[in-house]
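What's in work36.txt: compact mmCIF, C-alpha atoms and all ligand atoms
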```txt
# COMPACT_ATOMS: atom_id res chain seq x y z
CA THR F 928 117.01 -95.47 176.63
CA ARG F 929 114.82 -94.56 179.52
CA ARG F 930 115.27 -97.17 182.17
CA ILE F 931 112.69 -97.64 184.89
CA PHE F 932 113.35 -99.22 188.25
CA SER F 933 110.85 -99.67 191.04
CA GLY F 934 110.34 -102.00 193.96
CA VAL F 935 107.62 -103.19 196.29
CA GLN F 936 108.17 -104.74 199.71
CA PRO F 937 106.90 -108.25 200.36
CA THR F 938 105.52 -107.27 203.75
CA GLY F 939 102.11 -108.87 203.55
CA ASN F 940 98.95 -108.48 201.59
CA LEU F 941 99.12 -106.02 198.75
CA THR F 942 96.56 -103.26 199.11
CA LEU F 943 94.47 -101.39 196.59
CA GLY F 944 96.91 -98.50 197.26
CA ASN F 945 99.92 -100.57 196.20
CA TYR F 946 97.97 -101.79 193.19
CA LEU F 947 96.72 -98.42 191.92
CA GLY F 948 99.74 -96.40 193.04
CA ALA F 949 102.38 -98.86 191.95
CA VAL F 950 101.90 -102.32 190.39
CA LYS F 951 99.17 -101.37 187.88
CA ARG F 952 101.18 -98.40 186.66
CA PHE F 953 104.41 -100.38 186.51
CA VAL F 954 102.77 -102.87 184.21
CA GLU F 955 101.35 -100.12 181.98
CA MET F 956 104.86 -98.75 181.57
CA GLN F 957 106.18 -101.96 180.05
CA ASP F 958 103.89 -101.22 177.11
CA GLN F 959 105.58 -97.92 176.48
CA ASP F 960 109.05 -97.14 175.32
CA TRP F 961 110.87 -98.05 178.53
CA GLN F 962 113.22 -100.71 179.76
CA THR F 963 111.44 -101.86 182.90
CA ILE F 964 113.05 -103.47 185.95
CA TYR F 965 110.83 -104.42 188.88
CA CYS F 966 112.02 -105.80 192.15
CA VAL F 967 110.47 -107.55 195.12
CA VAL F 968 112.55 -105.81 197.76
CA ASP F 969 112.95 -108.52 200.37
CA LEU F 970 116.02 -106.87 201.93
CA HIS F 971 113.92 -103.79 202.62
CA ALA F 972 111.18 -105.91 204.14
CA ILE F 973 113.38 -107.17 206.99
CA THR F 974 114.00 -103.66 208.30
CA VAL F 975 111.01 -104.57 210.45
CA TRP F 976 110.55 -108.09 211.79
CA GLN F 977 109.34 -110.68 209.25
CA ASP F 978 108.54 -114.25 210.04
CA PRO F 979 110.80 -116.23 207.63
CA GLU F 980 108.05 -118.53 206.34
CA GLN F 981 105.71 -115.56 205.82
CA LEU F 982 108.45 -113.62 204.04
CA ARG F 983 109.02 -116.45 201.59
CA ARG F 984 105.29 -116.66 200.93
CA ALA F 985 104.85 -112.89 200.60
CA THR F 986 107.78 -112.71 198.16
CA ARG F 987 106.22 -115.30 195.87
CA GLU F 988 102.76 -113.79 196.30
CA LEU F 989 104.01 -110.37 195.28
CA ALA F 990 105.70 -111.86 192.22
CA ALA F 991 102.38 -113.60 191.45
CA ALA F 992 100.58 -110.26 191.83
CA PHE F 993 102.91 -108.62 189.32
CA LEU F 994 102.34 -111.46 186.87
CA ALA F 995 98.58 -111.49 187.48
CA CYS F 996 98.46 -107.76 186.73
CA GLY F 997 100.02 -108.41 183.34
CA LEU F 998 103.76 -108.13 183.90
CA ASP F 999 105.42 -110.06 181.10
CA PRO F 1000 108.82 -111.55 182.03
CA ALA F 1001 109.77 -111.43 178.35
CA ARG F 1002 109.45 -107.64 178.36
CA SER F 1003 110.25 -106.69 181.97
CA ILE F 1004 112.84 -107.91 184.42
CA LEU F 1005 111.21 -109.24 187.60
CA PHE F 1006 113.33 -110.55 190.47
CA ASN F 1007 113.77 -110.47 194.22
CA GLN F 1008 116.43 -108.16 195.57
CA SER F 1009 118.40 -110.61 197.72
CA GLN F 1010 119.25 -112.74 194.66
CA VAL F 1011 121.30 -109.86 193.26
CA PRO F 1012 123.92 -109.20 195.97
CA GLN F 1013 125.15 -106.04 194.23
CA HIS F 1014 122.22 -104.18 195.85
CA ALA F 1015 123.65 -104.72 199.32
CA GLN F 1016 127.18 -104.05 198.11
CA LEU F 1017 126.32 -100.67 196.59
CA ALA F 1018 124.18 -99.81 199.62
CA TRP F 1019 127.30 -100.09 201.80
CA ILE F 1020 129.12 -97.57 199.63
CA PHE F 1021 126.11 -95.26 199.93
CA ASN F 1022 126.07 -95.66 203.72
CA CYS F 1023 129.41 -93.92 203.46
CA VAL F 1024 128.15 -91.21 201.09
CA ALA F 1025 124.81 -90.23 202.66
CA ARG F 1026 124.99 -87.90 205.67
CA LEU F 1027 123.33 -88.52 209.00
CA GLY F 1028 121.54 -85.18 208.72
CA TRP F 1029 119.93 -86.25 205.44
CA LEU F 1030 118.54 -89.43 206.93
CA ASN F 1031 117.31 -87.53 209.97
CA ARG F 1032 114.92 -85.63 207.71
CA MET F 1033 113.21 -88.72 206.27
CA THR F 1034 109.55 -88.55 207.24
CA GLN F 1035 108.90 -92.24 206.56
CA PHE F 1036 111.50 -93.16 209.19
CA LYS F 1037 109.84 -90.85 211.68
CA ASP F 1038 106.43 -92.36 210.92
CA LYS F 1039 107.58 -95.96 211.06
CA ALA F 1040 109.89 -95.60 214.06
CA GLY F 1041 107.20 -93.91 216.15
CA LYS F 1042 108.09 -92.90 219.67
CA ASP F 1043 110.32 -95.81 220.57
CA ARG F 1044 113.25 -94.86 218.31
CA GLU F 1045 115.91 -96.57 220.39
CA ARG F 1046 114.40 -99.94 219.62
CA VAL F 1047 113.98 -99.90 215.83
CA SER F 1048 116.55 -101.64 213.63
CA THR F 1049 119.44 -99.66 212.20
CA GLY F 1050 118.31 -101.09 208.85
CA LEU F 1051 115.11 -99.05 209.04
CA TYR F 1052 117.23 -95.93 209.43
CA VAL F 1053 119.51 -96.59 206.45
CA TYR F 1054 116.68 -97.98 204.30
CA PRO F 1055 116.82 -94.95 201.95
CA ASN F 1056 120.48 -95.69 201.18
CA LEU F 1057 119.56 -99.21 200.08
CA MET F 1058 116.75 -97.75 197.98
CA ALA F 1059 119.24 -95.37 196.35
CA ALA F 1060 121.44 -98.38 195.59
CA ASP F 1061 118.47 -100.25 194.06
CA ILE F 1062 117.88 -97.42 191.62
CA LEU F 1063 121.43 -96.31 190.83
CA LEU F 1064 122.77 -99.86 190.44
CA TYR F 1065 120.96 -99.91 187.09
CA HIS F 1066 121.60 -96.27 186.21
CA ALA F 1067 117.82 -96.01 186.18
CA THR F 1068 116.50 -92.69 184.92
CA HIS F 1069 112.89 -92.90 186.08
CA VAL F 1070 111.31 -94.26 189.24
CA PRO F 1071 107.54 -94.67 189.32
CA VAL F 1072 106.35 -94.41 192.92
CA GLY F 1073 103.47 -93.23 195.07
CA GLU F 1074 103.57 -89.80 196.75
CA ASP F 1075 104.98 -91.32 199.94
CA GLN F 1076 108.26 -92.30 198.25
CA LYS F 1077 109.04 -88.94 196.68
CA GLN F 1078 111.38 -87.88 199.47
CA HIS F 1079 113.40 -91.09 199.11
CA VAL F 1080 113.89 -90.52 195.39
CA GLU F 1081 115.08 -87.00 196.17
CA LEU F 1082 117.59 -88.45 198.62
CA THR F 1083 118.73 -90.82 195.87
CA ARG F 1084 119.48 -87.77 193.72
CA ASP F 1085 121.43 -86.18 196.57
CA ILE F 1086 123.48 -89.35 196.99
CA ALA F 1087 124.16 -89.57 193.25
CA ALA F 1088 125.19 -85.92 193.12
CA LYS F 1089 127.49 -86.18 196.15
CA PHE F 1090 129.13 -89.35 194.86
CA ASN F 1091 129.69 -87.86 191.40
CA ASN F 1092 131.07 -84.69 192.95
CA ASP F 1093 133.26 -86.27 195.67
CA TYR F 1094 134.91 -88.66 193.23
CA GLY F 1095 135.05 -86.23 190.31
CA VAL F 1096 132.94 -88.37 187.98
CA PRO F 1097 130.32 -85.81 186.88
CA ASP F 1098 127.97 -88.05 184.92
CA PHE F 1099 128.57 -91.45 186.48
CA PHE F 1100 125.29 -91.81 188.34
CA PRO F 1101 122.32 -90.24 186.53
CA MET F 1102 119.82 -88.09 188.45
CA PRO F 1103 116.73 -90.29 188.54
CA GLU F 1104 113.32 -88.64 188.23
CA PRO F 1105 110.37 -89.76 190.33
CA VAL F 1106 107.33 -90.47 188.16
CA ILE F 1107 104.22 -89.72 190.19
CA GLU F 1108 101.25 -89.77 187.89
CA GLY F 1109 97.61 -90.67 187.88
CA THR F 1110 94.66 -90.17 190.19
CA ALA F 1111 95.74 -92.72 192.76
CA THR F 1112 99.24 -91.71 193.77
CA ARG F 1113 98.02 -91.58 197.34
CA VAL F 1114 95.11 -93.87 198.17
CA MET F 1115 93.93 -93.11 201.68
CA SER F 1116 92.76 -95.35 204.51
CA LEU F 1117 89.04 -96.20 204.42
CA ARG F 1118 88.86 -95.37 208.13
CA ASP F 1119 90.76 -92.10 208.13
CA GLY F 1120 91.04 -89.86 205.07
CA THR F 1121 94.23 -88.25 206.38
CA LYS F 1122 96.26 -91.50 206.56
CA LYS F 1123 97.49 -93.48 203.57
CA MET F 1124 96.12 -96.94 202.96
CA SER F 1125 98.84 -99.27 204.18
CA LYS F 1126 99.53 -103.00 204.39
CA SER F 1127 100.70 -102.61 207.94
CA ASP F 1128 97.71 -100.65 209.31
CA PRO F 1129 96.46 -102.66 212.31
CA SER F 1130 92.85 -102.32 211.09
CA ASP F 1131 92.02 -104.61 208.16
CA MET F 1132 88.90 -102.46 207.58
CA SER F 1133 91.18 -99.57 206.62
CA ARG F 1134 92.32 -101.22 203.41
CA ILE F 1135 91.25 -103.42 200.53
CA ASN F 1136 93.63 -106.31 199.96
CA LEU F 1137 94.10 -107.76 196.49
CA THR F 1138 93.15 -111.11 198.01
CA ASP F 1139 89.84 -109.92 199.54
CA ASP F 1140 86.72 -111.63 198.23
CA ALA F 1141 83.65 -109.79 196.91
CA ASP F 1142 81.86 -109.83 200.28
CA ALA F 1143 84.83 -108.42 202.15
CA ILE F 1144 85.30 -105.68 199.56
CA SER F 1145 81.63 -104.68 199.62
CA GLN F 1146 81.55 -104.64 203.40
CA LYS F 1147 84.70 -102.54 203.69
CA ILE F 1148 83.42 -99.98 201.19
CA ARG F 1149 79.97 -99.88 202.80
CA LYS F 1150 81.58 -99.19 206.17
CA ALA F 1151 84.15 -96.73 204.80
CA ARG F 1152 84.09 -93.49 206.71
CA THR F 1153 82.34 -90.61 204.90
CA ASP F 1154 80.53 -87.40 205.72
CA PRO F 1155 76.72 -87.11 205.47
CA GLU F 1156 76.62 -84.80 202.41
CA PRO F 1157 75.88 -86.16 198.93
CA LEU F 1158 78.66 -86.16 196.32
CA PRO F 1159 79.29 -82.75 194.73
CA SER F 1160 79.14 -82.31 190.95
CA GLU F 1161 82.35 -80.31 190.78
CA MET F 1162 85.86 -80.79 192.14
CA ASP F 1163 85.81 -77.75 194.45
CA GLY F 1164 82.94 -79.40 196.32
CA LEU F 1165 85.50 -81.97 197.58
CA GLU F 1166 87.44 -79.28 199.49
CA GLY F 1167 87.87 -80.37 203.10
CA ARG F 1168 86.22 -83.74 202.42
CA ALA F 1169 89.20 -86.09 202.42
CA GLU F 1170 87.17 -89.30 202.66
CA ALA F 1171 84.81 -88.34 199.83
CA ARG F 1172 87.75 -87.29 197.66
CA ASN F 1173 89.47 -90.61 198.31
CA LEU F 1174 86.47 -92.67 197.18
CA VAL F 1175 86.09 -90.52 194.06
CA ASN F 1176 89.78 -90.92 193.25
CA ILE F 1177 89.59 -94.70 193.69
CA TYR F 1178 86.57 -94.81 191.38
CA ALA F 1179 88.43 -92.68 188.85
CA ALA F 1180 91.57 -94.79 188.93
CA LEU F 1181 89.67 -98.05 188.58
CA SER F 1182 87.39 -96.84 185.80
CA GLY F 1183 90.04 -94.91 183.87
CA LEU F 1184 87.85 -91.77 184.10
CA SER F 1185 89.04 -88.43 185.43
CA PRO F 1186 87.72 -87.44 188.89
CA GLU F 1187 85.82 -84.62 187.14
CA ALA F 1188 84.06 -87.14 184.92
CA VAL F 1189 83.20 -89.31 187.94
CA LEU F 1190 81.60 -86.31 189.64
CA ALA F 1191 79.77 -85.33 186.47
CA GLU F 1192 78.25 -88.79 186.47
CA HIS F 1193 77.67 -89.34 190.20
CA GLY F 1194 77.34 -85.77 191.57
CA GLY F 1195 74.24 -85.36 193.74
CA LYS F 1196 74.14 -89.02 194.75
CA ALA F 1197 74.20 -90.04 198.40
CA PHE F 1198 77.00 -92.34 199.52
CA SER F 1199 74.39 -95.07 200.04
CA GLU F 1200 74.07 -95.08 196.26
CA PHE F 1201 77.68 -94.33 195.24
CA LYS F 1202 79.30 -96.91 197.53
CA PRO F 1203 77.60 -99.96 195.96
CA ALA F 1204 78.66 -98.71 192.51
CA LEU F 1205 82.23 -98.32 193.77
CA ALA F 1206 82.12 -101.76 195.39
CA ASP F 1207 80.95 -103.37 192.13
CA LEU F 1208 83.69 -101.64 190.18
CA THR F 1209 86.33 -102.67 192.74
CA VAL F 1210 85.21 -106.29 192.75
CA ALA F 1211 85.14 -106.37 188.95
CA SER F 1212 88.68 -104.95 188.80
CA ILE F 1213 90.26 -107.02 191.54
CA SER F 1214 88.65 -110.45 191.35
CA PRO F 1215 90.27 -111.47 188.05
CA ILE F 1216 93.64 -110.53 189.55
CA SER F 1217 93.14 -112.48 192.76
CA ALA F 1218 91.87 -115.50 190.83
CA LYS F 1219 94.99 -115.39 188.65
CA MET F 1220 97.22 -114.97 191.71
CA ARG F 1221 95.71 -118.08 193.30
CA GLU F 1222 96.31 -120.01 190.11
CA LEU F 1223 99.95 -118.87 189.88
CA MET F 1224 100.57 -119.69 193.55
CA GLY F 1225 99.67 -123.28 192.67
CA ASP F 1226 103.03 -123.55 190.89
CA VAL F 1227 105.61 -121.97 193.17
CA ALA F 1228 108.47 -123.62 191.28
CA GLU F 1229 107.51 -121.66 188.16
CA ILE F 1230 107.45 -118.38 190.13
CA ASP F 1231 110.90 -119.18 191.50
CA ARG F 1232 112.17 -119.89 187.99
CA ILE F 1233 110.90 -116.51 186.79
CA LEU F 1234 112.53 -114.73 189.74
CA GLY F 1235 115.79 -116.59 189.15
CA ARG F 1236 115.90 -115.72 185.46
CA GLY F 1237 115.07 -112.12 186.29
CA ALA F 1238 117.90 -112.04 188.84
CA ASP F 1239 120.35 -113.25 186.19
CA GLN F 1240 119.25 -110.51 183.79
CA ALA F 1241 119.40 -107.88 186.53
CA ALA F 1242 122.89 -108.97 187.64
CA GLU F 1243 124.13 -108.66 184.08
CA ILE F 1244 123.31 -104.96 184.14
CA ALA F 1245 124.32 -104.42 187.76
CA GLU F 1246 127.71 -106.14 187.89
CA PRO F 1247 129.62 -103.81 185.51
CA ILE F 1248 128.14 -100.75 187.22
CA LEU F 1249 129.18 -102.03 190.66
CA ALA F 1250 132.64 -102.96 189.39
CA LYS F 1251 133.09 -99.47 188.00
CA THR F 1252 131.87 -97.96 191.28
CA TYR F 1253 134.45 -99.99 193.26
CA GLU F 1254 137.14 -98.87 190.86
CA ILE F 1255 136.13 -95.21 191.24
CA VAL F 1256 136.14 -95.54 195.03
CA GLY F 1257 139.61 -97.12 195.02
CA MET F 1258 138.97 -100.73 195.94
CA VAL F 1259 141.70 -103.08 194.73
CA ARG F 1260 140.22 -105.79 192.52
CA SER F 1261 142.90 -108.39 191.90
CA ARG F 1262 140.89 -111.32 190.61
N1 LIG F 1301 98.24 -95.75 199.82
C1 LIG F 1301 98.99 -95.74 198.73
N2 LIG F 1301 98.58 -95.08 197.63
C2 LIG F 1301 99.35 -95.07 196.50
N3 LIG F 1301 100.53 -95.71 196.41
C3 LIG F 1301 100.98 -96.37 197.48
N4 LIG F 1301 102.09 -97.10 197.71
C4 LIG F 1301 102.04 -97.59 198.97
N5 LIG F 1301 100.93 -97.20 199.59
C5 LIG F 1301 100.24 -96.43 198.69
C6 LIG F 1301 103.13 -97.33 196.72
O1 LIG F 1301 103.33 -98.72 196.62
C7 LIG F 1301 104.70 -98.98 196.30
C8 LIG F 1301 105.22 -100.05 197.17
O2 LIG F 1301 105.24 -99.68 198.50
P1 LIG F 1301 106.08 -100.55 199.51
O3 LIG F 1301 105.49 -101.88 199.64
O4 LIG F 1301 107.50 -100.54 199.13
O5 LIG F 1301 106.01 -99.82 200.88
P2 LIG F 1301 105.16 -98.69 201.45
O6 LIG F 1301 105.21 -97.48 200.59
O7 LIG F 1301 105.66 -98.53 202.83
O8 LIG F 1301 103.70 -99.31 201.37
P3 LIG F 1301 102.75 -99.82 202.51
O9 LIG F 1301 101.60 -100.47 201.86
O10 LIG F 1301 102.44 -98.69 203.43
O11 LIG F 1301 103.58 -100.91 203.22
P4 LIG F 1301 104.02 -101.01 204.72
O12 LIG F 1301 102.75 -100.94 205.49
O13 LIG F 1301 104.70 -102.34 204.80
O14 LIG F 1301 104.93 -99.86 205.00
C9 LIG F 1301 105.45 -97.66 196.43
O15 LIG F 1301 105.68 -97.14 195.14
C10 LIG F 1301 104.48 -96.79 197.18
O16 LIG F 1301 104.63 -95.43 196.85
```

Could I get this structure in the form of structure tokens?
Amino acid sequence: TRRIFSGVQPTGNLTLGNYLGAVKRFVEMQDQDWQTIYCVVDLHAITVWQDPEQLRRATRELAAAFLACGLDPARSILFNQSQVPQHAQLAWIFNCVARLGWLNRMTQFKDKAGKDRERVSTGLYVYPNLMAADILLYHATHVPVGEDQKQHVELTRDIAAKFNNDYGVPDFFPMPEPVIEGTATRVMSLRDGTKKMSKSDPSDMSRINLTDDADAISQKIRKARTDPEPLPSEMDGLEGRAEARNLVNIYAALSGLSPEAVLAEHGGKAFSEFKPALADLTVASISPISAKMRELMGDVAEIDRILGRGADQAAEIAEPILAKTYEIVGMVRSR
């Protein structure tokens, strides 16, 4: 079987980027021929400071977002990472497999650490090793992610290959493939077409949150940065126009049309005309999800039950794989 694993950090409001690039696609995959395992990666979240109360809320809210987007706990495993301790256990082994030089090349660390590298947590640095553990703990074969995570999946393959080679177990860990598909693998900031839309961008105007109401969404799209030219009718007319391309891609992803088809329909229009159409489409796509999320958040105990059941199912797969890993490495297991 093809087994999918992917995770999302409970670090605050989910953005349209997380939705289109990740959650929406994850849910679509449960309808195909995959075993799907999705994780709210709370251990990853604390690589940067999280207020404990906020973290608890964000964890449940992210689970609610998955459910609101159509994730079915009968067909997919949904759980939060810290309830399956094998993630942290395998990550330690991988801390001893991955090389410092590999981690030094991770662009996300460079971006997130910024200039003040001496002061970031060591967890932020070894984050990719924990991500490798998340994936390999289930012998997952496919990892749906946005563009920004491609390098981390490649590192996961390097770790798997080195482990298999060092311990002489050629096929123990599979080489997982990143699955980066669709028109919204990299949704950009509404304020700067060269930066990705991100939960942690200091400007709320740069992103659309799944919890934004219709007015906020319309205002953010109206104020989104664009150039003064009308939309082109063909794709090559988007060359060098990052902001215009981004809005077209968002429209395409939300409508299920190709970007070409969006341009065929809207080419020649000024942004003053295209933006309201995009805002209407965004509101129509997002408001049922946020309404459902609010409803689900009214019964936190039920969300916790779903996460707990998911953790039990996940641990059932993970435990034998971790036990085998310990055995391969040479850990004595006497009880
Ligand atoms: N802008 C984006 N476009 C498409 N996909 C995106 N993803 C994130 N941003 C975009 C995808 O969402 C999944 C979950 O991401 P994450 O929460 O684990 O962390 P991230 O990639 O670091 O996302 P953020 O929103 O930028 O969070 P912060 O600000 O906390 O770092 C991943 O599959 C990712 O590719």

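The nearest approach to ligand LIG 1301 (chain F) among the residues F:Ser1199, F:Ser1009, F:Thr1112, F:Thr986, with all atoms listed in the file taken into account, belongs to F:Thr1112.
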
Item to check | Within 7 Å of His1014 in chain F using all atoms listed in the file, minus same-chain residues under 5 positions, as a PyMOL selection string | outcome: chain F and resi 1060-1061+1064

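The environment of Ala1171 in chain F within 10 Å, counting all atoms listed in the file and disregarding residues fewer than 2 places along the same chain, consists of Gly1120, Ala1151, Arg1152, Thr1153, Asp1154, Pro1155, Glu1156, Pro1157, Leu1158, Pro1159, Gly1164, Leu1165, Glu1166, Gly1167, Arg1168, Ala1169, Asn1173, Leu1174, Val1175, Asn1176 and Phe1198 of chain F.
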
How about saving the chosen residues, C-alpha atoms kept, as a compact mmCIF listing (two decimals), keeping the file's coordinate frame?
```txt
# COMPACT_ATOMS: atom_id res chain seq x y z
CA GLY F 1120 91.04 -89.86 205.07
CA ALA F 1151 84.15 -96.73 204.80
CA ARG F 1152 84.09 -93.49 206.71
CA THR F 1153 82.34 -90.61 204.90
CA ASP F 1154 80.53 -87.40 205.72
CA PRO F 1155 76.72 -87.11 205.47
CA GLU F 1156 76.62 -84.80 202.41
CA PRO F 1157 75.88 -86.16 198.93
CA LEU F 1158 78.66 -86.16 196.32
CA PRO F 1159 79.29 -82.75 194.73
CA GLY F 1164 82.94 -79.40 196.32
CA LEU F 1165 85.50 -81.97 197.58
CA GLU F 1166 87.44 -79.28 199.49
CA GLY F 1167 87.87 -80.37 203.10
CA ARG F 1168 86.22 -83.74 202.42
CA ALA F 1169 89.20 -86.09 202.42
CA ASN F 1173 89.47 -90.61 198.31
CA LEU F 1174 86.47 -92.67 197.18
CA VAL F 1175 86.09 -90.52 194.06
CA ASN F 1176 89.78 -90.92 193.25
CA PHE F 1198 77.00 -92.34 199.52
```

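Using only C-alpha atoms and all ligand atoms, the shortest contact distance between ligand LIG 1301 (chain F) and any of F:Asp1207, F:Asp1075, F:Glu1170, F:Glu1045 is found at F:Asp1075.
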
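Among the candidates F:Val1189, F:Ala1018, F:Leu947, F:Ala1204, the residue lying nearest to ligand LIG 1301 (chain F) is F:Leu947 (atoms considered: all atoms listed in the file).
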
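Taking all atoms listed in the file into account, the protein and nucleic acid residues that come at most 6 Å from ligand LIG 1301 (chain F) are Val935, Gln936, Thr938, Gly944, Asn945, Gly948, Ala949, Val1072, Gly1073, Glu1074, Asp1075, Gln1076, Ala1111, Thr1112, Arg1113, Val1114, Met1115, Lys1123, Met1124, Ser1125, Lys1126 and Ser1127 of chain F.
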
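CA of Tyr1052 in chain F sits 14.9 Å away from CA of Ala1015 in chain F.
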
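Near range 1094-1104 of chain F, within 6 Å and counting all atoms listed in the file, sit F:Thr1068, F:His1069, F:Arg1084, F:Ala1087, not including residues fewer than 6 positions from it in the same chain.
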
Item to check | Spatial sel., origin (111.7, -105.3, 187.8), limit 8 Å, all atoms listed in the file, listed as an MDAnalysis selection string | outcome: chainID F and resid 932:934 963:967 1003:1006 1237

Write a file of the selected residues as a short mmCIF file (atom, residue, chain, number, x, y, z; two decimals), keeping the file's coordinate frame, keeping C-alpha atoms.
```cif
data_model
loop_
_atom_site.label_atom_id
_atom_site.label_comp_id
_atom_site.auth_asym_id
_atom_site.auth_seq_id
_atom_site.Cartn_x
_atom_site.Cartn_y
_atom_site.Cartn_z
CA PHE F 932 113.35 -99.22 188.25
CA SER F 933 110.85 -99.67 191.04
CA GLY F 934 110.34 -102.00 193.96
CA THR F 963 111.44 -101.86 182.90
CA ILE F 964 113.05 -103.47 185.95
CA TYR F 965 110.83 -104.42 188.88
CA CYS F 966 112.02 -105.80 192.15
CA VAL F 967 110.47 -107.55 195.12
CA SER F 1003 110.25 -106.69 181.97
CA ILE F 1004 112.84 -107.91 184.42
CA LEU F 1005 111.21 -109.24 187.60
CA PHE F 1006 113.33 -110.55 190.47
CA GLY F 1237 115.07 -112.12 186.29
#
```

Next on the checklist: At a cut-off of 10 Å around the point (111.7, -83.7, 201.5) (file coordinates), what residues fall inside when counting only C-alpha atoms? I'd like the answer as a list in words.
Outcome noted: Trp1029, Arg1032, Met1033, Thr1034, Gln1076, Lys1077, Gln1078, His1079, Val1080, Glu1081 and Leu1082 of chain F

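For the pair CA of Arg1221 in chain F and CA of Leu989 in chain F, the separation is 11.5 Å.
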
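Pairwise distance (CA of Ala1218 in chain F, CA of Gly1235 in chain F) equals 24.0 Å.
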
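Take the candidates F:Ala1179, F:Ala990, F:Val954, F:Leu1190 and check each one against Thr1110 in chain F using only C-alpha atoms; the shortest distance goes to F:Ala1179.
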
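The shortest atom-to-atom distance to Phe1021 in chain F, with all atoms listed in the file taken into account, belongs to F:Met1058 out of F:Ala991, F:Ala972, F:Met1058, F:Ile1107.
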
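Closest approach to Val950 in chain F from the set F:Val1256, F:Ile1230, F:Cys996, F:Ile1062 is made by F:Cys996, with distances taken over only C-alpha atoms.
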
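Taking only C-alpha atoms, the non-local environment of Thr928 in chain F within 10 Å (same-chain residues fewer than 6 positions away omitted) comprises Asp960, Trp961, Gln962, Ala1067 and Thr1068 of chain F.
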
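By chain and then residue number, the residues within 9 Å of Leu1051 in chain F are His971, Ile973, Thr974, Val975, Phe1036, Lys1039 and Ala1040 of chain F, counting only C-alpha atoms and disregarding those fewer than 5 positions away in sequence.
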